[in-house]
file upload-v3.txt (compact mmCIF, C-alpha atoms and all ligand atoms)
# COMPACT_ATOMS: atom_id res chain seq x y z
CA MET C 1 53.23 124.46 155.92
CA GLU C 2 50.91 124.10 158.89
CA ARG C 3 50.46 126.08 162.06
CA THR C 4 49.10 124.69 165.31
CA LEU C 5 48.13 126.13 168.67
CA VAL C 6 49.98 124.76 171.70
CA LEU C 7 49.14 125.59 175.30
CA ILE C 8 51.31 124.71 178.26
CA LYS C 9 48.51 124.43 180.76
CA PRO C 10 48.70 125.60 184.40
CA ASP C 11 50.16 122.32 185.68
CA GLY C 12 53.01 122.51 183.16
CA VAL C 13 53.76 126.08 184.22
CA GLN C 14 53.52 125.33 187.96
CA ARG C 15 55.70 122.23 187.66
CA GLY C 16 58.47 124.08 185.84
CA LEU C 17 58.07 122.13 182.60
CA ILE C 18 57.88 125.09 180.19
CA GLY C 19 61.51 124.74 179.13
CA GLU C 20 61.29 120.97 178.72
CA ILE C 21 58.17 121.13 176.57
CA ILE C 22 59.48 123.95 174.36
CA SER C 23 62.80 122.17 174.06
CA ARG C 24 61.17 119.03 172.70
CA LEU C 25 59.24 120.97 170.05
CA GLU C 26 62.35 122.97 169.08
CA LYS C 27 64.53 119.89 168.87
CA ARG C 28 61.98 118.13 166.70
CA GLY C 29 62.48 120.97 164.23
CA LEU C 30 59.21 122.85 164.63
CA LYS C 31 59.43 126.62 164.42
CA LEU C 32 57.99 128.97 167.05
CA VAL C 33 56.03 131.82 165.47
CA ALA C 34 54.08 133.22 168.44
CA ALA C 35 54.07 133.02 172.23
CA LYS C 36 52.48 134.74 175.19
CA PHE C 37 52.35 134.01 178.89
CA MET C 38 48.96 134.90 180.21
CA SER C 39 46.14 134.38 182.65
CA VAL C 40 43.10 132.85 180.99
CA THR C 41 39.71 134.45 181.47
CA ARG C 42 36.63 132.31 181.84
CA ASP C 43 35.36 133.77 178.58
CA LEU C 44 38.48 132.69 176.67
CA ALA C 45 38.44 129.25 178.30
CA GLU C 46 34.80 128.75 177.34
CA LYS C 47 35.52 129.75 173.72
CA HIS C 48 38.50 127.42 173.56
CA TYR C 49 36.68 124.43 175.04
CA GLU C 50 33.26 125.13 173.51
CA ILE C 51 33.23 121.69 171.87
CA HIS C 52 33.32 120.05 175.32
CA LYS C 53 30.43 122.06 176.78
CA GLY C 54 27.95 119.77 178.52
CA LYS C 55 30.44 116.94 179.09
CA PRO C 56 30.87 115.76 182.70
CA PHE C 57 34.45 117.04 182.89
CA TYR C 58 33.68 120.47 181.35
CA GLU C 59 33.43 122.54 184.57
CA GLY C 60 36.60 120.98 185.96
CA LEU C 61 38.39 121.63 182.69
CA ILE C 62 37.42 125.33 182.71
CA ASN C 63 38.46 125.68 186.36
CA TYR C 64 41.78 123.98 185.62
CA ILE C 65 42.74 126.10 182.60
CA THR C 66 41.80 129.34 184.40
CA SER C 67 43.50 128.41 187.69
CA ALA C 68 46.98 129.81 186.92
CA PRO C 69 48.84 131.29 183.92
CA VAL C 70 49.41 129.35 180.72
CA LEU C 71 51.94 129.72 177.92
CA ALA C 72 50.11 129.99 174.60
CA MET C 73 52.15 129.41 171.44
CA VAL C 74 51.87 128.87 167.72
CA TRP C 75 54.29 126.38 166.15
CA GLU C 76 54.88 125.95 162.43
CA GLY C 77 56.18 123.19 160.21
CA PRO C 78 55.21 120.62 157.61
CA LEU C 79 52.54 118.37 159.19
CA ALA C 80 52.92 120.43 162.37
CA ILE C 81 49.47 119.48 163.68
CA ALA C 82 50.11 115.73 163.63
CA ALA C 83 53.72 116.12 164.74
CA VAL C 84 52.81 118.16 167.81
CA ARG C 85 49.92 115.83 168.78
CA GLN C 86 52.39 112.94 168.57
CA THR C 87 54.98 114.73 170.69
CA MET C 88 52.27 115.49 173.30
CA GLY C 89 50.88 111.93 173.33
CA SER C 90 47.33 110.62 173.81
CA THR C 91 44.87 112.56 175.95
CA ARG C 92 45.09 109.97 178.75
CA PRO C 93 48.69 109.87 179.96
CA THR C 94 48.50 106.13 180.67
CA GLU C 95 47.65 105.58 176.99
CA ALA C 96 50.30 107.98 175.68
CA ALA C 97 53.27 106.51 173.83
CA PRO C 98 56.51 106.20 175.79
CA GLY C 99 58.70 109.18 175.02
CA SER C 100 55.74 111.52 174.59
CA ILE C 101 55.35 114.42 177.00
CA ARG C 102 52.13 113.13 178.54
CA HIS C 103 53.66 109.70 179.02
CA ASP C 104 56.88 111.02 180.47
CA TYR C 105 55.50 113.75 182.74
CA ALA C 106 51.81 113.10 183.52
CA LEU C 107 49.55 110.51 185.10
CA VAL C 108 45.92 111.63 184.88
CA VAL C 109 43.75 113.04 182.09
CA GLY C 110 42.74 116.03 184.21
CA ARG C 111 46.37 117.20 184.53
CA ASN C 112 47.81 116.30 181.15
CA LEU C 113 50.03 119.39 180.79
CA THR C 114 49.37 120.55 177.26
CA HIS C 115 46.85 121.35 174.59
CA ALA C 116 47.49 120.98 170.87
CA SER C 117 45.10 121.57 167.98
CA ASP C 118 43.67 118.34 166.56
CA GLY C 119 43.07 119.27 162.91
CA SER C 120 43.57 121.96 160.29
CA GLU C 121 40.21 123.64 160.88
CA THR C 122 40.52 123.62 164.66
CA ALA C 123 44.08 124.91 164.38
CA ILE C 124 42.97 127.94 162.37
CA GLN C 125 40.01 128.53 164.68
CA GLU C 126 42.04 128.17 167.88
CA ILE C 127 44.93 130.34 166.67
CA GLY C 128 42.30 133.01 165.93
CA ILE C 129 40.92 132.75 169.47
CA TRP C 130 44.30 133.12 171.18
CA PHE C 131 46.30 135.41 168.86
CA ARG C 132 45.79 138.52 166.77
CA PRO C 133 47.40 138.25 163.30
CA GLU C 134 50.05 140.85 164.18
CA GLU C 135 51.17 138.74 167.16
CA ILE C 136 52.32 135.97 164.82
CA ALA C 137 55.82 136.35 163.36
CA SER C 138 56.50 134.97 159.91
CA TRP C 139 60.24 134.47 159.81
CA GLU C 140 62.94 132.61 157.92
CA ARG C 141 65.04 130.36 160.09
CA SER C 142 68.49 129.59 158.76
CA SER C 143 68.01 125.90 159.55
CA ASP C 144 64.65 125.64 157.72
CA PRO C 145 66.16 123.99 154.59
CA TRP C 146 67.88 121.40 156.80
CA ILE C 147 64.57 120.45 158.45
CA PHE C 148 61.71 121.20 156.08
CA GLU C 149 62.99 120.12 152.64
CA GLN C 150 61.43 117.03 151.02
CA ASN C 151 63.94 116.41 148.13
P1 LIG C 201 43.16 116.63 173.92
O1 LIG C 201 43.61 117.64 174.96
O2 LIG C 201 44.10 115.47 173.84
O3 LIG C 201 42.87 117.25 172.59
P2 LIG C 201 40.27 116.43 174.25
O4 LIG C 201 40.16 117.54 173.26
O5 LIG C 201 39.47 115.20 174.00
O6 LIG C 201 41.79 115.99 174.45
O7 LIG C 201 39.86 116.96 175.68
C1 LIG C 201 40.31 118.23 176.12
C2 LIG C 201 40.79 118.13 177.54
O8 LIG C 201 39.70 117.78 178.38
C3 LIG C 201 41.85 117.04 177.78
O9 LIG C 201 43.14 117.48 177.51
C4 LIG C 201 41.64 116.74 179.22
C5 LIG C 201 40.14 116.93 179.42
N1 LIG C 201 39.42 115.65 179.31
C6 LIG C 201 39.10 114.99 178.18
N2 LIG C 201 38.44 113.87 178.44
C7 LIG C 201 38.32 113.81 179.78
C8 LIG C 201 37.76 112.89 180.70
N3 LIG C 201 37.14 111.79 180.28
N4 LIG C 201 37.83 113.17 182.02
C9 LIG C 201 38.45 114.30 182.47
N5 LIG C 201 39.01 115.20 181.66
C10 LIG C 201 38.97 114.97 180.34
MG MG C 202 41.38 118.53 171.96

call {"tool": "encode", "arguments": {"input": "upload-v3.txt", "output": "structure tokens"}}
result
Amino acid sequence: MERTLVLIKPDGVQRGLIGEIISRLEKRGLKLVAAKFMSVTRDLAEKHYEIHKGKPFYEGLINYITSAPVLAMVWEGPLAIAAVRQTMGSTRPTEAAPGSIRHDYALVVGRNLTHASDGSETAIQEIGIWFRPEEIASWERSSDPWIFEQN
């Protein structure tokens, strides 16, 4: 079972897309194990986007993610990291697959609505940046066997 960090970034919150984005992840079968609605400090933003430090878009990215509240979440499931990246779509909305969130609701890379961890190491690292262990709920969902079983 994998866990992945998902952020609904300030544009998603401001545009009233929280419900739509959560709904797509829920309907896919992924399980929510942590969530908090919060303002993002510059310090947290810099930790989260450390890998992009020095890139031309870095300052804009930090300003964007700190400009209004975000919804930070952890979602769980088999292959959750790849599944969530696929549901979000490619970084550039005009390259995102039809039916993905970025395709369906965004136009430009600088306002692409969501963040999702891109690998198992980054997922662990990012979950650790955004959540304390006790903020993550391990729980049995009655539908788990209908969604997670391999046979
Ligand atoms: P992703 O969010 O799909 O993981 P990323 O990690 O490469 O993409 O980049 C992080 C964010 O930075 C991305 O969601 C939007 C912004 N970004 C990336 N490349 C950019 C670019 N060339 N111009 C402007 N913003 C960019
Ligand atoms: Mg990334």

call {"tool": "closest_residue", "arguments": {"input": "upload-v3.txt", "among": "C:Val6, C:Ile51, C:Ala96, C:Ile127", "to": "Leu25 (chain C)", "atoms": "all atoms listed in the file"}}
result
C:Val6

call {"tool": "closest_residue", "arguments": {"input": "upload-v3.txt", "among": "C:Gly19, C:Gly29, C:Gly54, C:Gly60", "to": "ligand LIG 201 (chain C)", "atoms": "only C-alpha atoms and all ligand atoms"}}
result
C:Gly60

call {"tool": "closest_residue", "arguments": {"input": "upload-v3.txt", "among": "C:Lys47, C:Arg85, C:Arg111, C:Arg3", "to": "Arg15 (chain C)", "atoms": "all atoms listed in the file"}}
result
C:Arg111

call {"tool": "atom_distance", "arguments": {"input": "upload-v3.txt", "atom1": "CA of Val74 (chain C)", "atom2": "CA of Glu20 (chain C)"}}
result
16.5 Å

call {"tool": "axis_aligned_box", "arguments": {"input": "upload-v3.txt", "around": "ligand LIG 201 (chain C)", "padding_each_side": "3 Å", "output": "lines of an AutoDock Vina configuration file"}}
result
center_x = 40.6
center_y = 115.0
center_z = 177.5
size_x = 13.0
size_y = 12.4
size_z = 15.9

call {"tool": "closest_residue", "arguments": {"input": "upload-v3.txt", "among": "C:Gly99, C:Pro69, C:Gly119, C:Pro78", "to": "Leu5 (chain C)", "atoms": "all atoms listed in the file"}}
result
C:Gly119

call {"tool": "atom_distance", "arguments": {"input": "upload-v3.txt", "atom1": "CA of Gln14 (chain C)", "atom2": "CA of Thr114 (chain C)"}}
result
12.4 Å
